[in-house]
file upload.pdb (PDB, C-alpha atoms)
ATOM      1  CA  MET A   1     168.762  68.006 118.281
ATOM      2  CA  ASP A   2     168.189  64.218 118.342
ATOM      3  CA  CYS A   3     165.215  62.538 116.681
ATOM      4  CA  LYS A   4     163.264  62.196 119.919
ATOM      5  CA  HIS A   5     163.505  65.865 120.754
ATOM      6  CA  LEU A   6     162.836  66.861 117.156
ATOM      7  CA  LEU A   7     159.623  64.818 117.127
ATOM      8  CA  LEU A   8     158.505  66.406 120.402
ATOM      9  CA  PHE A   9     159.255  69.878 119.030
ATOM     10  CA  LEU A  10     157.196  69.238 115.874
ATOM     11  CA  MET A  11     154.246  67.859 117.885
ATOM     12  CA  LEU A  12     154.175  70.912 120.134
ATOM     13  CA  THR A  13     154.449  73.255 117.170
ATOM     14  CA  LEU A  14     151.573  71.599 115.316
ATOM     15  CA  ALA A  15     149.424  71.521 118.446
ATOM     16  CA  GLY A  16     150.012  75.217 118.960
ATOM     17  CA  ALA A  17     149.150  76.010 115.339
ATOM     18  CA  GLY A  18     145.927  74.035 115.633
ATOM     19  CA  THR A  19     144.968  75.886 118.788
ATOM     20  CA  ASP A  20     145.632  79.249 117.128
ATOM     21  CA  ALA A  21     143.482  78.289 114.123
ATOM     22  CA  ALA A  22     140.654  77.049 116.325
ATOM     23  CA  SER A  23     140.734  80.241 118.374
ATOM     24  CA  GLN A  24     140.205  82.461 115.332
ATOM     25  CA  PRO A  25     136.659  83.897 115.319
ATOM     26  CA  ARG A  26     134.398  82.649 112.555
ATOM     27  CA  PRO A  27     133.246  85.283 110.064
ATOM     28  CA  PRO A  28     129.579  86.242 110.549
ATOM     29  CA  ALA A  29     127.107  84.205 108.521
ATOM     30  CA  ARG A  30     125.787  86.375 105.697
ATOM     31  CA  LYS A  31     122.006  86.754 105.478
ATOM     32  CA  VAL A  32     119.605  88.857 103.380
ATOM     33  CA  LEU A  33     116.155  90.297 104.040
ATOM     34  CA  VAL A  34     114.480  92.056 101.092
ATOM     35  CA  ILE A  35     111.418  94.132 102.013
ATOM     36  CA  GLY A  36     109.227  95.333  99.158
ATOM     37  CA  LEU A  37     106.780  98.203  99.699
ATOM     38  CA  ASP A  38     104.344  98.515  96.802
ATOM     39  CA  GLY A  39     103.754 101.861  95.113
ATOM     40  CA  VAL A  40     105.818 104.298  97.193
ATOM     41  CA  ARG A  41     106.176 107.827  95.844
ATOM     42  CA  VAL A  42     109.588 109.034  96.944
ATOM     43  CA  ASP A  43     108.796 112.695  97.708
ATOM     44  CA  VAL A  44     105.880 111.655  99.933
ATOM     45  CA  LEU A  45     108.134 109.114 101.648
ATOM     46  CA  ALA A  46     110.490 111.998 102.477
ATOM     47  CA  GLN A  47     107.635 113.926 104.108
ATOM     48  CA  ALA A  48     106.287 110.998 106.120
ATOM     49  CA  ASP A  49     107.273 110.152 109.691
ATOM     50  CA  THR A  50     109.379 107.017 109.108
ATOM     51  CA  PRO A  51     111.847 106.599 111.973
ATOM     52  CA  HIS A  52     112.653 102.969 111.181
ATOM     53  CA  LEU A  53     113.447 103.582 107.512
ATOM     54  CA  ASP A  54     115.357 106.723 108.462
ATOM     55  CA  ARG A  55     117.489 104.780 110.925
ATOM     56  CA  LEU A  56     118.290 102.093 108.364
ATOM     57  CA  ALA A  57     119.097 104.692 105.703
ATOM     58  CA  ALA A  58     121.364 106.692 108.012
ATOM     59  CA  ALA A  59     123.408 103.572 108.741
ATOM     60  CA  GLY A  60     123.639 102.417 105.140
ATOM     61  CA  THR A  61     123.257 103.288 101.479
ATOM     62  CA  PHE A  62     120.184 105.239 100.393
ATOM     63  CA  SER A  63     119.091 106.757  97.101
ATOM     64  CA  ALA A  64     115.930 108.756  96.462
ATOM     65  CA  GLU A  65     116.817 108.860  92.752
ATOM     66  CA  ALA A  66     116.718 105.139  91.946
ATOM     67  CA  GLN A  67     114.894 104.159  88.772
ATOM     68  CA  THR A  68     112.533 101.616  87.336
ATOM     69  CA  ARG A  69     111.513 101.378  83.680
ATOM     70  CA  MET A  70     108.397 101.235  81.605
ATOM     71  CA  PRO A  71     105.806  99.975  82.044
ATOM     72  CA  THR A  72     105.576 101.399  85.556
ATOM     73  CA  VAL A  73     103.135  98.850  86.936
ATOM     74  CA  SER A  74     103.564  96.177  89.566
ATOM     75  CA  GLY A  75     104.016  93.029  87.474
ATOM     76  CA  PRO A  76     107.116  94.225  85.618
ATOM     77  CA  GLY A  77     108.425  96.138  88.635
ATOM     78  CA  TRP A  78     108.432  93.257  91.088
ATOM     79  CA  SER A  79     109.647  90.829  88.439
ATOM     80  CA  SER A  80     112.618  93.082  87.646
ATOM     81  CA  MET A  81     113.411  93.539  91.328
ATOM     82  CA  VAL A  82     113.540  89.851  92.249
ATOM     83  CA  THR A  83     115.068  88.480  89.027
ATOM     84  CA  GLY A  84     117.672  91.181  88.321
ATOM     85  CA  VAL A  85     116.631  91.542  84.663
ATOM     86  CA  TRP A  86     114.324  93.832  82.680
ATOM     87  CA  SER A  87     111.027  92.951  81.025
ATOM     88  CA  ASP A  88     112.604  92.067  77.689
ATOM     89  CA  LYS A  89     114.113  89.050  79.471
ATOM     90  CA  HIS A  90     111.682  88.033  82.230
ATOM     91  CA  GLY A  91     108.740  88.588  79.885
ATOM     92  CA  VAL A  92     106.302  90.328  82.255
ATOM     93  CA  ARG A  93     105.020  93.590  80.756
ATOM     94  CA  GLY A  94     101.850  94.116  82.767
ATOM     95  CA  ASN A  95      99.891  92.592  85.622
ATOM     96  CA  ASP A  96      99.282  89.463  83.574
ATOM     97  CA  PHE A  97     102.260  87.229  84.326
ATOM     98  CA  SER A  98     101.425  84.468  81.834
ATOM     99  CA  ALA A  99     104.193  85.382  79.338
ATOM    100  CA  ASN A 100     106.901  85.128  82.010
ATOM    101  CA  ASP A 101     110.232  83.427  81.431
ATOM    102  CA  TYR A 102     111.035  82.745  85.066
ATOM    103  CA  ALA A 103     112.469  79.384  84.001
ATOM    104  CA  ALA A 104     115.420  81.210  82.425
ATOM    105  CA  TYR A 105     115.384  84.187  84.810
ATOM    106  CA  PRO A 106     114.226  82.983  88.241
ATOM    107  CA  ASP A 107     113.700  85.050  91.352
ATOM    108  CA  PHE A 108     116.790  85.367  93.550
ATOM    109  CA  LEU A 109     115.477  82.903  96.155
ATOM    110  CA  THR A 110     114.887  80.225  93.533
ATOM    111  CA  ARG A 111     118.292  80.924  92.000
ATOM    112  CA  LEU A 112     119.858  80.328  95.422
ATOM    113  CA  GLU A 113     118.060  76.997  95.706
ATOM    114  CA  ARG A 114     119.303  75.982  92.256
ATOM    115  CA  ILE A 115     122.871  76.863  93.210
ATOM    116  CA  ASP A 116     122.816  75.220  96.642
ATOM    117  CA  PRO A 117     119.647  73.686  98.142
ATOM    118  CA  SER A 118     121.136  74.050 101.618
ATOM    119  CA  PHE A 119     120.248  77.772 101.534
ATOM    120  CA  ALA A 120     117.246  78.369 103.805
ATOM    121  CA  THR A 121     114.838  80.519 101.783
ATOM    122  CA  PHE A 122     111.600  82.190 102.886
ATOM    123  CA  ALA A 123     108.950  84.521 101.437
ATOM    124  CA  VAL A 124     105.690  86.098 102.575
ATOM    125  CA  LEU A 125     103.495  87.379  99.748
ATOM    126  CA  ASN A 126      99.975  88.782  99.735
ATOM    127  CA  TRP A 127      99.398  89.877  96.135
ATOM    128  CA  PRO A 128      98.271  86.532  94.633
ATOM    129  CA  PRO A 129     100.354  86.470  91.388
ATOM    130  CA  LEU A 130     103.562  86.830  93.382
ATOM    131  CA  GLY A 131     103.075  83.495  95.101
ATOM    132  CA  THR A 132     100.280  81.580  93.363
ATOM    133  CA  ALA A 133      99.165  80.641  89.840
ATOM    134  CA  ALA A 134      96.780  83.620  89.728
ATOM    135  CA  ALA A 135      97.187  85.765  86.586
ATOM    136  CA  GLY A 136      99.963  83.549  85.283
ATOM    137  CA  GLY A 137     102.104  83.471  88.404
ATOM    138  CA  PRO A 138     103.794  82.569  90.632
ATOM    139  CA  MET A 139     106.659  85.032  90.479
ATOM    140  CA  ILE A 140     108.344  83.371  93.488
ATOM    141  CA  SER A 141     108.507  79.671  92.688
ATOM    142  CA  ASP A 142     107.480  76.733  94.829
ATOM    143  CA  THR A 143     111.133  75.646  94.879
ATOM    144  CA  ILE A 144     111.918  77.810  97.900
ATOM    145  CA  ASP A 145     111.778  76.271 101.359
ATOM    146  CA  VAL A 146     108.931  78.247 102.945
ATOM    147  CA  LYS A 147     106.423  80.388 101.062
ATOM    148  CA  ILE A 148     103.464  81.977 102.862
ATOM    149  CA  THR A 149     100.782  83.279 100.484
ATOM    150  CA  LEU A 150      97.861  85.451 101.542
ATOM    151  CA  ASP A 151      95.098  86.911  99.368
ATOM    152  CA  GLY A 152      95.121  90.657  99.874
ATOM    153  CA  ASP A 153      92.406  91.068  97.245
ATOM    154  CA  SER A 154      90.012  89.139  99.483
ATOM    155  CA  LEU A 155      91.281  90.116 102.918
ATOM    156  CA  GLY A 156      91.991  93.759 102.182
ATOM    157  CA  TYR A 157      95.628  94.756 101.981
ATOM    158  CA  ASP A 158      95.704  96.447 105.363
ATOM    159  CA  VAL A 159      94.704  93.152 106.980
ATOM    160  CA  ALA A 160      96.900  91.106 104.646
ATOM    161  CA  ASP A 161      99.968  93.238 105.406
ATOM    162  CA  ALA A 162      99.407  92.899 109.148
ATOM    163  CA  ARG A 163      99.116  89.118 108.846
ATOM    164  CA  ALA A 164     102.143  88.914 106.548
ATOM    165  CA  VAL A 165     104.213  90.761 109.121
ATOM    166  CA  GLU A 166     103.061  88.392 111.874
ATOM    167  CA  TRP A 167     104.172  85.394 109.821
ATOM    168  CA  ALA A 168     107.467  87.031 108.922
ATOM    169  CA  VAL A 169     108.257  88.174 112.473
ATOM    170  CA  HIS A 170     107.766  84.661 113.815
ATOM    171  CA  HIS A 171     109.849  83.014 111.099
ATOM    172  CA  LEU A 172     112.673  85.553 111.093
ATOM    173  CA  ALA A 173     113.011  85.464 114.871
ATOM    174  CA  THR A 174     112.897  81.710 115.368
ATOM    175  CA  GLU A 175     113.707  79.728 112.220
ATOM    176  CA  ALA A 176     116.731  78.970 110.065
ATOM    177  CA  VAL A 177     116.795  81.493 107.220
ATOM    178  CA  ASP A 178     119.516  82.739 104.895
ATOM    179  CA  ALA A 179     117.475  84.790 102.437
ATOM    180  CA  ALA A 180     113.974  86.203 102.740
ATOM    181  CA  PHE A 181     111.516  88.376 100.800
ATOM    182  CA  VAL A 182     108.586  90.146 102.470
ATOM    183  CA  TYR A 183     106.015  91.988 100.348
ATOM    184  CA  LEU A 184     103.632  94.642 101.712
ATOM    185  CA  GLY A 185     100.934  95.934  99.364
ATOM    186  CA  ASN A 186      98.640  98.331 101.219
ATOM    187  CA  ILE A 187     100.477 101.554 100.322
ATOM    188  CA  ASP A 188      99.685 101.065  96.645
ATOM    189  CA  VAL A 189      96.019 100.320  97.281
ATOM    190  CA  VAL A 190      95.574 103.454  99.401
ATOM    191  CA  GLY A 191      97.355 105.498  96.732
ATOM    192  CA  HIS A 192      94.854 104.360  94.132
ATOM    193  CA  GLU A 193      91.903 105.004  96.409
ATOM    194  CA  ALA A 194      92.907 108.326  97.965
ATOM    195  CA  GLY A 195      95.561 109.792  95.677
ATOM    196  CA  SER A 196      99.250 110.286  96.307
ATOM    197  CA  LEU A 197      98.938 113.592  98.150
ATOM    198  CA  ALA A 198      96.189 112.545 100.564
ATOM    199  CA  PRO A 199      96.869 112.191 104.300
ATOM    200  CA  ALA A 200      95.678 108.578 104.084
ATOM    201  CA  TYR A 201      98.468 107.735 101.642
ATOM    202  CA  ARG A 202     101.142 109.191 103.894
ATOM    203  CA  ALA A 203      99.568 107.374 106.848
ATOM    204  CA  ALA A 204      99.839 104.091 104.929
ATOM    205  CA  ILE A 205     103.566 104.709 104.440
ATOM    206  CA  GLU A 206     103.944 105.395 108.154
ATOM    207  CA  THR A 207     102.110 102.176 109.017
ATOM    208  CA  ALA A 208     104.468 100.255 106.749
ATOM    209  CA  ASP A 209     107.421 101.906 108.479
ATOM    210  CA  ALA A 210     106.205 100.596 111.826
ATOM    211  CA  GLN A 211     105.896  97.136 110.271
ATOM    212  CA  VAL A 212     109.458  97.397 108.974
ATOM    213  CA  GLY A 213     110.514  98.185 112.539
ATOM    214  CA  ARG A 214     108.919  94.946 113.706
ATOM    215  CA  LEU A 215     110.745  92.955 111.021
ATOM    216  CA  VAL A 216     114.092  94.457 112.001
ATOM    217  CA  ALA A 217     113.398  93.814 115.683
ATOM    218  CA  ALA A 218     112.668  90.169 114.851
ATOM    219  CA  LEU A 219     116.155  89.815 113.371
ATOM    220  CA  HIS A 220     117.674  91.197 116.570
ATOM    221  CA  ARG A 221     115.823  88.523 118.572
ATOM    222  CA  ARG A 222     117.389  85.667 116.640
ATOM    223  CA  PRO A 223     119.377  83.379 118.958
ATOM    224  CA  ASN A 224     122.474  83.618 116.736
ATOM    225  CA  TYR A 225     122.078  87.232 115.634
ATOM    226  CA  ALA A 226     125.480  88.239 117.063
ATOM    227  CA  GLY A 227     127.126  85.804 114.665
ATOM    228  CA  GLU A 228     125.126  86.892 111.597
ATOM    229  CA  ASP A 229     125.694  89.629 109.017
ATOM    230  CA  TRP A 230     122.242  90.736 107.878
ATOM    231  CA  LEU A 231     121.842  92.838 104.767
ATOM    232  CA  ILE A 232     118.462  94.591 104.703
ATOM    233  CA  LEU A 233     117.389  95.716 101.239
ATOM    234  CA  MET A 234     114.296  97.812 100.627
ATOM    235  CA  SER A 235     112.710  99.295  97.540
ATOM    236  CA  THR A 236     109.429  99.782  95.699
ATOM    237  CA  ASP A 237     108.140  98.713  92.305
ATOM    238  CA  HIS A 238     107.106 102.122  90.908
ATOM    239  CA  GLY A 239     106.199 105.681  91.830
ATOM    240  CA  ARG A 240     102.908 107.431  91.015
ATOM    241  CA  ARG A 241     101.198 110.555  89.754
ATOM    242  CA  ASP A 242      99.348 113.045  91.953
ATOM    243  CA  ASP A 243      96.044 111.292  91.240
ATOM    244  CA  GLY A 244      97.471 108.014  92.510
ATOM    245  CA  GLY A 245      97.746 106.385  89.106
ATOM    246  CA  HIS A 246     100.869 105.006  87.471
ATOM    247  CA  GLY A 247     102.000 103.096  84.412
ATOM    248  CA  GLY A 248     103.406 105.955  82.353
ATOM    249  CA  PRO A 249     106.887 107.314  81.657
ATOM    250  CA  SER A 250     106.873 110.393  83.893
ATOM    251  CA  THR A 251     109.677 111.031  86.368
ATOM    252  CA  LEU A 252     107.249 110.642  89.258
ATOM    253  CA  GLU A 253     106.274 107.180  88.035
ATOM    254  CA  ARG A 254     109.796 105.937  87.239
ATOM    255  CA  ARG A 255     111.470 107.325  90.347
ATOM    256  CA  ILE A 256     111.824 104.869  93.235
ATOM    257  CA  PHE A 257     114.011 104.512  96.329
ATOM    258  CA  PHE A 258     116.803 102.066  97.096
ATOM    259  CA  LEU A 259     117.960 101.263 100.634
ATOM    260  CA  ALA A 260     120.692  98.879 101.766
ATOM    261  CA  SER A 261     121.623  98.618 105.421
ATOM    262  CA  GLY A 262     123.817  96.340 107.514
ATOM    263  CA  PRO A 263     127.379  95.763 108.733
ATOM    264  CA  SER A 264     128.681  95.083 105.208
ATOM    265  CA  VAL A 265     127.159  98.215 103.656
ATOM    266  CA  LEU A 266     128.795 101.537 102.810
ATOM    267  CA  THR A 267     127.279 104.686 104.287
ATOM    268  CA  GLY A 268     125.966 107.434 102.029
ATOM    269  CA  THR A 269     124.433 107.990  98.607
ATOM    270  CA  PRO A 270     125.735 106.018  95.618
ATOM    271  CA  GLU A 271     127.343 108.133  92.887
ATOM    272  CA  THR A 272     125.272 106.462  90.184
ATOM    273  CA  PRO A 273     121.542 106.137  90.945
ATOM    274  CA  PRO A 274     120.613 102.478  91.427
ATOM    275  CA  GLU A 275     118.029 100.683  89.333
ATOM    276  CA  ILE A 276     115.387  98.237  90.444
ATOM    277  CA  VAL A 277     117.304  95.310  88.906
ATOM    278  CA  ASP A 278     120.172  95.995  91.318
ATOM    279  CA  VAL A 279     118.251  94.605  94.295
ATOM    280  CA  ALA A 280     118.529  90.912  93.366
ATOM    281  CA  VAL A 281     122.175  91.215  92.289
ATOM    282  CA  THR A 282     123.093  92.990  95.537
ATOM    283  CA  ALA A 283     121.386  90.248  97.554
ATOM    284  CA  LEU A 284     123.177  87.465  95.690
ATOM    285  CA  THR A 285     126.545  89.203  95.911
ATOM    286  CA  HIS A 286     126.250  89.707  99.670
ATOM    287  CA  LEU A 287     125.600  85.988 100.062
ATOM    288  CA  GLY A 288     128.867  85.234  98.305
ATOM    289  CA  ILE A 289     127.353  84.166  94.990
ATOM    290  CA  ALA A 290     129.601  84.889  92.024
ATOM    291  CA  ILE A 291     127.447  86.365  89.259
ATOM    292  CA  ASP A 292     127.795  84.133  86.220
ATOM    293  CA  PRO A 293     127.779  86.116  82.937
ATOM    294  CA  ALA A 294     125.731  83.277  81.449
ATOM    295  CA  TRP A 295     122.821  84.372  83.641
ATOM    296  CA  LYS A 296     122.668  87.658  81.656
ATOM    297  CA  LEU A 297     121.605  89.703  84.670
ATOM    298  CA  ASP A 298     121.078  93.433  84.104
ATOM    299  CA  GLY A 299     121.710  94.649  87.652
ATOM    300  CA  ARG A 300     124.844  95.351  89.660
ATOM    301  CA  ALA A 301     125.739  95.150  93.335
ATOM    302  CA  VAL A 302     125.165  98.500  95.059
ATOM    303  CA  GLY A 303     126.410  99.750  98.416
ATOM    304  CA  LEU A 304     128.425  96.741  99.554
ATOM    305  CA  ARG A 305     131.850  97.176 101.095
ATOM    306  CA  PRO A 306     134.705  95.811  98.959
TER
END
call {"tool": "encode", "arguments": {"input": "upload.pdb", "output": "structure tokens"}}
result
Amino acid sequence: MDCKHLLLFLMLTLAGAGTDAASQPRPPARKVLVIGLDGVRVDVLAQADTPHLDRLAAAGTFSAEAQTRMPTVSGPGWSSMVTGVWSDKHGVRGNDFSANDYAAYPDFLTRLERIDPSFATFAVLNWPPLGTAAAGGPMISDTIDVKITLDGDSLGYDVADARAVEWAVHHLATEAVDAAFVYLGNIDVVGHEAGSLAPAYRAAIETADAQVGRLVAALHRRPNYAGEDWLILMSTDHGRRDDGGHGGPSTLERRIFFLASGPSVLTGTPETPPEIVDVAVTALTHLGIAIDPAWKLDGRAVGLRP
């Protein structure tokens, strides 16, 4: 083959290789939505009519034997969930957040921003310390891109949850977002007021399930949803006693649920019960973040396909 024909052959070969590479489908863009339901008792959840949670659980990983640790109150529970470490590290041991060490152990959205500010991060929060300076907060820092804070103490948590869902539905359906956290607090309030075995408490869980359905539907309305790989993570901060109280070491108070659902999730029940600190680590891992041992995280990734 002379030089002219050899050059033509190489040009055609390279052009063909470039076309083949360009024709390869792009992998779906990985995204995470964490939904936190405050104060859910797992055995009552099992009795409630929750078609949206049931559908997510059936298509993913679900455990009704997940665990949190003492003290079984909201401040430590939510802090452990979003940071991936226990109270001895994040510093929150009650509903006063002022001793927090979120600088060393930030929430997973803030950690994403520190790693790569191009991540689009979003949160809707209606218990004030989670998003504002109230009681020594905020748990979710102002570093994230969009943070909507509502005052459930003033509005009433039924109203605050409804408004939080409206904000979240709009943002999730229409805006750029890679990682999101949505908090709903009314279940816990009703549990304290009515008790864990009252019809009103189960009704509050069912209302939250309908709200979860709206959040999931918002993802499906995203213009680029077909090219996205959404991981939906759900859990709660603590269980509760029959009288609606919590804070102690009983099985009912430490037992929580863990749900992971999406195209990249295994189906079934994990062999080892998850812990609340696994939520943040699972979210980060799905987004392709390599967990640095220097971060000293206590959780592990649960339910993701290899």
call {"tool": "resolve_selection", "arguments": {"input": "upload.pdb", "expression": "the PyMOL selection byres ((chain A and resi 252) around 9)", "output": "PyMOL selection string"}}
result
chain A and resi 41-43+238-242+246+249-251+253-256
call {"tool": "resolve_selection", "arguments": {"input": "upload.pdb", "expression": "the PyMOL selection byres ((chain A and resi 138-141) around 9)", "output": "list in words"}}
result
Gly75, Trp78, Ser79, Val82, Phe97, Asn100, Tyr102, Pro106, Asp107, Phe108, Leu109, Thr110, Ala123, Leu125, Pro128, Pro129, Leu130, Gly131, Thr132, Ala133, Ala134, Ala135, Gly136, Gly137, Asp142, Thr143, Ile144 and Lys147 of chain A
call {"tool": "residues_around", "arguments": {"input": "upload.pdb", "residues": "Arg221 in chain A", "least_positions_apart": "2", "cutoff": "12 Å", "atoms": "only C-alpha atoms", "output": "list of chain:residue names"}}
result
A:Val169, A:His170, A:His171, A:Leu172, A:Ala173, A:Thr174, A:Glu175, A:Arg214, A:Leu215, A:Val216, A:Ala217, A:Ala218, A:Leu219, A:Pro223, A:Asn224, A:Tyr225, A:Ala226, A:Glu228
call {"tool": "resolve_selection", "arguments": {"input": "upload.pdb", "expression": "the PyMOL selection byres ((chain A and resi 113-120) around 9)", "output": "ChimeraX atom specification"}}
result
/A:108-112,121-122,143-146,176-180,289
call {"tool": "write_last_selection", "arguments": {"input": "upload.pdb", "atoms": "C-alpha atoms", "output": "mmCIF file, in the frame of the given file"}}
result
data_model
loop_
_atom_site.group_PDB
_atom_site.id
_atom_site.type_symbol
_atom_site.label_atom_id
_atom_site.label_comp_id
_atom_site.auth_asym_id
_atom_site.auth_seq_id
_atom_site.Cartn_x
_atom_site.Cartn_y
_atom_site.Cartn_z
ATOM 1 C CA PHE A 108 116.790 85.367 93.550
ATOM 2 C CA LEU A 109 115.477 82.903 96.155
ATOM 3 C CA THR A 110 114.887 80.225 93.533
ATOM 4 C CA ARG A 111 118.292 80.924 92.000
ATOM 5 C CA LEU A 112 119.858 80.328 95.422
ATOM 6 C CA THR A 121 114.838 80.519 101.783
ATOM 7 C CA PHE A 122 111.600 82.190 102.886
ATOM 8 C CA THR A 143 111.133 75.646 94.879
ATOM 9 C CA ILE A 144 111.918 77.810 97.900
ATOM 10 C CA ASP A 145 111.778 76.271 101.359
ATOM 11 C CA VAL A 146 108.931 78.247 102.945
ATOM 12 C CA ALA A 176 116.731 78.970 110.065
ATOM 13 C CA VAL A 177 116.795 81.493 107.220
ATOM 14 C CA ASP A 178 119.516 82.739 104.895
ATOM 15 C CA ALA A 179 117.475 84.790 102.437
ATOM 16 C CA ALA A 180 113.974 86.203 102.740
ATOM 17 C CA ILE A 289 127.353 84.166 94.990
#
call {"tool": "atom_distance", "arguments": {"input": "upload.pdb", "atom1": "CA of Ala59 in chain A", "atom2": "CA of Phe257 in chain A"}}
result
15.6 Å
call {"tool": "residues_around", "arguments": {"input": "upload.pdb", "residues": "Leu259 in chain A", "least_positions_apart": "3", "cutoff": "9 Å", "atoms": "only C-alpha atoms", "output": "PyMOL selection string"}}
result
chain A and resi 53+56-57+60-64+232-235+303
call {"tool": "closest_residue", "arguments": {"input": "upload.pdb", "among": "A:Val277, A:Ile187, A:Ala160, A:Ala194", "to": "Thr207 in chain A", "atoms": "only C-alpha atoms"}}
result
A:Ile187
call {"tool": "closest_residue", "arguments": {"input": "upload.pdb", "among": "A:Asp209, A:Glu65, A:Asp88, A:Asp158", "to": "Glu275 in chain A", "atoms": "all atoms listed in the file"}}
result
A:Glu65
call {"tool": "closest_residue", "arguments": {"input": "upload.pdb", "among": "A:Thr149, A:Ala48, A:Arg163, A:Ala58", "to": "Ala198 in chain A", "atoms": "all atoms listed in the file"}}
result
A:Ala48
call {"tool": "closest_residue", "arguments": {"input": "upload.pdb", "among": "A:Leu231, A:Gln67, A:Ala168, A:Pro270", "to": "Leu284 in chain A", "atoms": "all atoms listed in the file"}}
result
A:Leu231
call {"tool": "closest_residue", "arguments": {"input": "upload.pdb", "among": "A:Asp38, A:Asp298, A:Gly84, A:Ser261", "to": "Ala280 in chain A", "atoms": "only C-alpha atoms"}}
result
A:Gly84
call {"tool": "closest_residue", "arguments": {"input": "upload.pdb", "among": "A:Gly77, A:Gly185, A:Gly94, A:Pro273", "to": "Gly152 in chain A", "atoms": "all atoms listed in the file"}}
result
A:Gly185
call {"tool": "atom_distance", "arguments": {"input": "upload.pdb", "atom1": "CA of Gly244 in chain A", "atom2": "CA of Asp153 in chain A"}}
result
18.3 Å
